Amino acid sequence: MPYNRDTSCAQADKLSGIEEESDLYEGFAPHVDTAEIKSLDFYTQKSTSGKEPALRSFTEIQQLLQQSKKRDVKSILRENSWPINSPIRAQLWPLLCAQHQTKQNMLEGFYWDMVHQVFGTTELSEKPIMLPAFVDPAHCITYHLTRTGRSVADRIVNVLGYDCPDITYSPVLYPITSILLHFMSEEEAYHCLASLVGSKEKVFIKQTKLQHEVTWKTVMQIAKKHTKNAVTYFQRICPGVKLERVFMDWCWWILAGLPFQHLVRIMDCYFHEGIKVLYRIALVIINLFHKECQSNNEWSPDNIKNDIGNALIKFCKKIPVSPSKLLHAAFSIRGLSSTYISRIFMKTEMILKSRSVLNNGGSKQLVKSRSSDNLPTSQSQVNIQMMSHTLTIRELFTLWSWLPVRITMYQPVLLYTTEEHGCSLTTFYVRVEQHEPTLMMIKTCNNEVFGAYCSSRWFERNVKDDKGQRQAYFGTGETFLFSLYPERAKYPWVGIENEKDLGHASELFMAADSKMITIGGGEGQAIWMDENIRFGKTDSCKTFNNPPLCPTGDFEIRVLEVYGFDGA
């Protein structure tokens with residue numbers, strides 16, 4: 001049964017407060033069993049002033065997004081406690097998810113064409129559908145979906161798996177599908193998921209076992225710093241339980257533990273801000289549980305020490321604060337910036353992959369290749385040999401071992417070379433700027449070979465901030481420098497090895513305009529090239545703590561090659 005949201009859309013803009021006589025179930029899609037949904041006492045409490053605060057409308061939020069006022073939208077989403085039955089989400093959630101879309105707009109009917117391609121019909125089968133391998137059968141949470149709704153969720157994740165074969169492990173994807181289906185049609189839910197999965201700027205859904213493991217270990221590391229007393233308490237009362245066992249289930253505290261009303265309000269913010277919202281919620285849960293353990297006999301050490309992980313889930317089901325208070329506490333945590341989280345994540349990822357050996361002594365954080373587990377495929381080797389004027393097979397193997405694991409699955413594609421496309425920064429941008437990531441190789445007239453793995457699109461040089469100004473630097477801490485001849489070395493971002501805030505100079509990854517390209521900054525530029533791609537210079541810089549990549553500092557470019565990765 002197709003879901004016509006016209007009525008919900010019309011109602012969404014009329015909502016300016018909680019109406020006493022409203023139908024509790026008016027905001028839900030038809031494949032939801034509303035009989036199980038109860039309004040929490042938190043929603044029926046009257047404000048001390050006797051007046052309910054006015055809630056912002058969908059149109060207001062839509063206009064702010066059109067004006068690129070994302071910070072204003074963030075504040076509204078955090079502060080506006082739309083009730084569980086609000087029809088605003090039928091429009092709001094698709095709008096929030098659509099802003100993260102990276103693929104070209106899908107044509108009308110795209111999803112149903114995919115359904116027909118996968119199942120041979122658009123009719124919903126009454127027989128069970130085999131779920132893709134990336135789904136964890138133990139966590140196929142359906143919340144309040146009807147039997148039909150559950151079948152719809154099964155079909156959506158199957159189509160998504162068909163359309164996104166790179167997803168190999170993503171246990172949270174099914175629960176998020178179910179949540180979306182409470183407020184929208186099947187087709188809309190699919191488009192929302194596709195946008196979240198494909199997002200480049202913000203992270204929403206981890207898609208491999210490695211990323212999943214890195215995520216819970218990142219939460220554990222953050223918790224050790226921001227909820228130190230609670231973590232110490234749990235370690236003390238449960239000496240026989242490894243902390244890792246507790247944090248492995250961190251996402252299920254939220255997705256499987258919290259009441260649905262809390263979860264929906266969290267999703268209001270999550271669909272705009274990304275996974276960092278869930279990190280913050282997890283920290284608040286730990287702190288609240290710690291307080292309850294000290295004051296409530298139900299959570300006394302004797303009752304929880306043998307199974308603290310299960311106790312946390314049970315606690316979440318009875319969480320003693322309202323959704324508003326939970327969010328307020330989460331967003332009041334200081335020192336938890338996206339940059340800090342990214343640094344911890346990448347550091348954890350590098351440790352898990354054992355991608356390099358760090359030189360602990362000396363002033364230079366020199367990282368040399370150790371692993372050759374990540375070998376390029378035979379096709380990649382052929383492609384490089386046919387295209388490259390700078391790389392030998394030995395150098396290719398070294399460079400390949402330094403790349404992020406997910407990137408080595410793709411075939412390299414030569415996007416730009418001065419040998420074929422001429423020496424022009426304009427041509428460079430035309431051929432390269434929309435690709436992410438890219439691998440830049442420089443061969444000088446003295447035969448030095450060095451370059452950089454650039455994590456973000458060069459097009460981001462044109463992106464404007466909330467004030468309408470272009471950002472001088474862009475990129476992420478996944479960017480790194482390397483030298484292949486005469487010395488072989490990798491120079492990662494300094495933030496990976498340092499949990500302290502190293503200041504602005506440590507995050508100057510990439511910069512570009514019509515006159516030059518720069519990689520790395522802070523008391524020098526690691527790589528700088530002029531607009532004619534003929535001359536350049538290299539210095540030590542604070543972003544990568546590297547030495548100059550060639551002995552003379554200044555260099556003349558013999559060949560510049562830039563590679564992309566097909567399908568990345």
# chains A, B, ... in the order shown; residues from 1 in each chain; ligands from 1
>>> residues_around(residues="region 276-285 of chain A", least_positions_apart="6", cutoff="8 Å", atoms="only C-alpha atoms", output="PyMOL selection string")
chain A and resi 219+223+226-227+250-251+253-254+266+269-270+316+326-327+329-331+333+338+341
>>> write_last_selection(atoms="all heavy atoms", output="compact mmCIF listing (two decimals), in the first residue's frame")
# COMPACT_ATOMS: atom_id res chain seq x y z
N VAL A 219 34.72 4.97 20.62
CA VAL A 219 33.82 5.33 21.71
C VAL A 219 34.47 5.01 23.05
O VAL A 219 34.40 5.80 24.00
CB VAL A 219 32.47 4.60 21.57
CG1 VAL A 219 31.59 4.86 22.79
CG2 VAL A 219 31.74 5.04 20.30
N ALA A 223 35.36 7.68 25.90
CA ALA A 223 34.75 7.52 27.22
C ALA A 223 35.80 7.53 28.33
O ALA A 223 35.56 8.05 29.42
CB ALA A 223 33.96 6.21 27.27
N HIS A 226 36.32 11.35 28.73
CA HIS A 226 35.20 12.23 29.06
C HIS A 226 34.28 11.66 30.15
O HIS A 226 33.47 12.41 30.70
CB HIS A 226 34.40 12.54 27.80
CG HIS A 226 35.11 13.45 26.85
ND1 HIS A 226 34.99 14.82 26.91
CD2 HIS A 226 35.96 13.19 25.83
CE1 HIS A 226 35.74 15.37 25.96
NE2 HIS A 226 36.34 14.40 25.30
N THR A 227 34.36 10.37 30.42
CA THR A 227 33.59 9.78 31.52
C THR A 227 34.54 8.93 32.36
O THR A 227 34.26 7.78 32.67
CB THR A 227 32.41 8.93 30.99
OG1 THR A 227 32.93 7.87 30.18
CG2 THR A 227 31.45 9.75 30.17
N TRP A 250 28.00 -0.69 22.29
CA TRP A 250 27.61 0.70 22.58
C TRP A 250 26.43 1.18 21.75
O TRP A 250 25.54 1.88 22.25
CB TRP A 250 28.81 1.63 22.36
CG TRP A 250 29.04 1.96 20.90
CD1 TRP A 250 29.69 1.19 19.99
CD2 TRP A 250 28.59 3.12 20.20
NE1 TRP A 250 29.69 1.79 18.76
CE2 TRP A 250 29.03 2.99 18.86
CE3 TRP A 250 27.89 4.26 20.58
CZ2 TRP A 250 28.77 3.94 17.90
CZ3 TRP A 250 27.62 5.22 19.61
CH2 TRP A 250 28.06 5.06 18.29
N CYS A 251 26.38 0.83 20.46
CA CYS A 251 25.30 1.34 19.61
C CYS A 251 23.95 0.72 19.99
O CYS A 251 22.89 1.32 19.75
CB CYS A 251 25.60 1.11 18.14
SG CYS A 251 25.81 -0.62 17.67
N TRP A 253 23.00 0.15 23.07
CA TRP A 253 22.44 0.90 24.20
C TRP A 253 21.38 1.87 23.66
O TRP A 253 20.34 2.06 24.27
CB TRP A 253 23.51 1.73 24.92
CG TRP A 253 24.72 0.99 25.38
CD1 TRP A 253 24.86 -0.36 25.54
CD2 TRP A 253 25.98 1.58 25.74
NE1 TRP A 253 26.13 -0.65 25.97
CE2 TRP A 253 26.83 0.52 26.11
CE3 TRP A 253 26.45 2.88 25.80
CZ2 TRP A 253 28.15 0.74 26.52
CZ3 TRP A 253 27.76 3.10 26.21
CH2 TRP A 253 28.60 2.04 26.57
N ILE A 254 21.70 2.46 22.52
CA ILE A 254 20.84 3.49 21.92
C ILE A 254 19.74 2.86 21.07
O ILE A 254 18.55 3.10 21.28
CB ILE A 254 21.69 4.46 21.07
CG1 ILE A 254 22.77 5.10 21.93
CG2 ILE A 254 20.80 5.50 20.40
CD1 ILE A 254 23.83 5.84 21.15
N ILE A 266 16.54 11.63 18.98
CA ILE A 266 17.97 11.52 18.64
C ILE A 266 18.15 11.52 17.13
O ILE A 266 19.05 12.16 16.59
CB ILE A 266 18.57 10.25 19.27
CG1 ILE A 266 18.63 10.39 20.80
CG2 ILE A 266 19.96 9.96 18.72
CD1 ILE A 266 18.91 9.09 21.53
N CYS A 269 18.33 14.81 15.19
CA CYS A 269 19.66 15.44 15.16
C CYS A 269 20.66 14.63 14.34
O CYS A 269 21.49 15.18 13.62
CB CYS A 269 20.18 15.63 16.58
SG CYS A 269 19.11 16.63 17.63
N TYR A 270 20.57 13.31 14.47
CA TYR A 270 21.50 12.40 13.78
C TYR A 270 21.45 12.58 12.27
O TYR A 270 22.49 12.61 11.60
CB TYR A 270 21.16 10.97 14.18
CG TYR A 270 21.79 9.88 13.33
CD1 TYR A 270 23.11 9.48 13.54
CD2 TYR A 270 21.06 9.22 12.35
CE1 TYR A 270 23.69 8.46 12.78
CE2 TYR A 270 21.61 8.21 11.60
CZ TYR A 270 22.92 7.83 11.81
OH TYR A 270 23.48 6.82 11.05
N CYS A 316 18.91 1.51 29.97
CA CYS A 316 18.45 2.41 28.89
C CYS A 316 16.94 2.31 28.68
O CYS A 316 16.27 3.30 28.39
CB CYS A 316 19.19 2.09 27.60
SG CYS A 316 20.92 2.60 27.61
N LEU A 326 18.09 14.40 27.86
CA LEU A 326 19.15 13.53 27.34
C LEU A 326 19.95 14.26 26.27
O LEU A 326 21.20 14.26 26.29
CB LEU A 326 18.53 12.26 26.77
CG LEU A 326 19.51 11.22 26.19
CD1 LEU A 326 20.39 10.63 27.28
CD2 LEU A 326 18.73 10.12 25.46
N LEU A 327 19.24 14.91 25.35
CA LEU A 327 19.93 15.65 24.28
C LEU A 327 20.68 16.85 24.84
O LEU A 327 21.81 17.13 24.41
CB LEU A 327 18.92 16.10 23.23
CG LEU A 327 18.38 15.01 22.30
CD1 LEU A 327 17.28 15.56 21.41
CD2 LEU A 327 19.49 14.42 21.44
N ALA A 329 22.03 17.20 27.76
CA ALA A 329 23.26 16.71 28.41
C ALA A 329 24.29 16.30 27.37
O ALA A 329 25.50 16.58 27.51
CB ALA A 329 22.93 15.54 29.32
N ALA A 330 23.83 15.68 26.29
CA ALA A 330 24.75 15.22 25.25
C ALA A 330 25.46 16.39 24.57
O ALA A 330 26.68 16.34 24.34
CB ALA A 330 23.99 14.40 24.21
N PHE A 331 24.72 17.43 24.27
CA PHE A 331 25.30 18.56 23.55
C PHE A 331 25.99 19.57 24.48
O PHE A 331 26.54 20.57 24.01
CB PHE A 331 24.25 19.25 22.69
CG PHE A 331 23.71 18.37 21.60
CD1 PHE A 331 22.35 18.10 21.48
CD2 PHE A 331 24.57 17.77 20.69
CE1 PHE A 331 21.87 17.28 20.48
CE2 PHE A 331 24.10 16.93 19.69
CZ PHE A 331 22.75 16.69 19.59
N ILE A 333 28.43 18.45 26.46
CA ILE A 333 29.77 17.90 26.67
C ILE A 333 30.78 18.75 25.91
O ILE A 333 30.65 18.97 24.70
CB ILE A 333 29.85 16.44 26.18
CG1 ILE A 333 28.86 15.56 26.95
CG2 ILE A 333 31.27 15.90 26.34
CD1 ILE A 333 28.74 14.16 26.41
N SER A 338 34.35 17.45 16.17
CA SER A 338 34.46 16.47 15.08
C SER A 338 35.92 16.19 14.77
O SER A 338 36.28 15.05 14.44
CB SER A 338 33.75 17.01 13.84
OG SER A 338 32.37 17.18 14.08
N ILE A 341 37.24 13.74 17.41
CA ILE A 341 36.72 12.39 17.16
C ILE A 341 37.41 11.76 15.96
O ILE A 341 37.79 10.59 15.98
CB ILE A 341 35.19 12.45 16.94
CG1 ILE A 341 34.49 12.87 18.24
CG2 ILE A 341 34.66 11.10 16.47
CD1 ILE A 341 33.01 13.14 18.08
>>> closest_residue(among="A:Phe247, A:His272, A:His100, A:Gln471", to="Ile76 (chain A)", atoms="only C-alpha atoms")
A:His272
>>> atom_distance(atom1="CA of Glu273 (chain A)", atom2="CA of Thr102 (chain A)")
16.0 Å
>>> closest_residue(among="A:Phe110, A:Val152, A:Gln101, A:Val559", to="Leu196 (chain A)", atoms="only C-alpha atoms")
A:Gln101
>>> closest_residue(among="A:Thr142, A:Gln62, A:Ser324, A:Asn287", to="Ala256 (chain A)", atoms="only C-alpha atoms")
A:Thr142
>>> residues_around(residues="region 89-94 of chain A", least_positions_apart="3", cutoff="9 Å", atoms="only C-alpha atoms", output="PyMOL selection string")
chain A and resi 5+8-9+12+27-29+58+61-62+82+85-86+97-99+180+183-185+188-189+191-192+267-268+271-272
>>> residues_around(residues="Leu414 (chain A)", least_positions_apart="4", cutoff="8 Å", atoms="only C-alpha atoms", output="PDB file with all heavy atoms, in the first residue's frame")
ATOM      1  N   MET A 387      50.316   3.306 -17.493  1.00  0.00           N
ATOM      2  CA  MET A 387      50.020   4.732 -17.391  1.00  0.00           C
ATOM      3  C   MET A 387      51.157   5.571 -16.829  1.00  0.00           C
ATOM      4  O   MET A 387      51.311   6.732 -17.182  1.00  0.00           O
ATOM      5  CB  MET A 387      48.778   4.938 -16.502  1.00  0.00           C
ATOM      6  CG  MET A 387      47.505   4.346 -17.074  1.00  0.00           C
ATOM      7  SD  MET A 387      46.058   4.682 -16.018  1.00  0.00           S
ATOM      8  CE  MET A 387      46.428   3.692 -14.564  1.00  0.00           C
ATOM      9  N   GLU A 561      51.679  13.391 -12.017  1.00  0.00           N
ATOM     10  CA  GLU A 561      50.603  12.438 -12.303  1.00  0.00           C
ATOM     11  C   GLU A 561      49.614  12.459 -11.139  1.00  0.00           C
ATOM     12  O   GLU A 561      50.017  12.499  -9.980  1.00  0.00           O
ATOM     13  CB  GLU A 561      51.146  11.014 -12.470  1.00  0.00           C
ATOM     14  CG  GLU A 561      52.050  10.852 -13.675  1.00  0.00           C
ATOM     15  CD  GLU A 561      52.662   9.463 -13.767  1.00  0.00           C
ATOM     16  OE1 GLU A 561      52.590   8.698 -12.785  1.00  0.00           O
ATOM     17  OE2 GLU A 561      53.224   9.151 -14.834  1.00  0.00           O
ATOM     18  N   VAL A 562      48.341  12.410 -11.462  1.00  0.00           N
ATOM     19  CA  VAL A 562      47.293  12.356 -10.435  1.00  0.00           C
ATOM     20  C   VAL A 562      46.366  11.181 -10.753  1.00  0.00           C
ATOM     21  O   VAL A 562      45.828  11.088 -11.858  1.00  0.00           O
ATOM     22  CB  VAL A 562      46.476  13.659 -10.369  1.00  0.00           C
ATOM     23  CG1 VAL A 562      45.440  13.566  -9.251  1.00  0.00           C
ATOM     24  CG2 VAL A 562      47.389  14.860 -10.156  1.00  0.00           C
ATOM     25  N   TYR A 563      46.210  10.298  -9.779  1.00  0.00           N
ATOM     26  CA  TYR A 563      45.381   9.109  -9.946  1.00  0.00           C
ATOM     27  C   TYR A 563      44.109   9.227  -9.108  1.00  0.00           C
ATOM     28  O   TYR A 563      44.127   9.745  -7.991  1.00  0.00           O
ATOM     29  CB  TYR A 563      46.138   7.849  -9.508  1.00  0.00           C
ATOM     30  CG  TYR A 563      47.297   7.510 -10.413  1.00  0.00           C
ATOM     31  CD1 TYR A 563      48.560   8.052 -10.181  1.00  0.00           C
ATOM     32  CD2 TYR A 563      47.129   6.658 -11.499  1.00  0.00           C
ATOM     33  CE1 TYR A 563      49.623   7.763 -11.016  1.00  0.00           C
ATOM     34  CE2 TYR A 563      48.190   6.357 -12.339  1.00  0.00           C
ATOM     35  CZ  TYR A 563      49.433   6.919 -12.102  1.00  0.00           C
ATOM     36  OH  TYR A 563      50.487   6.625 -12.926  1.00  0.00           O
ATOM     37  N   GLY A 564      43.023   8.727  -9.666  1.00  0.00           N
ATOM     38  CA  GLY A 564      41.796   8.528  -8.912  1.00  0.00           C
ATOM     39  C   GLY A 564      41.582   7.030  -8.753  1.00  0.00           C
ATOM     40  O   GLY A 564      42.413   6.215  -9.188  1.00  0.00           O
TER      41      GLY A 564
END
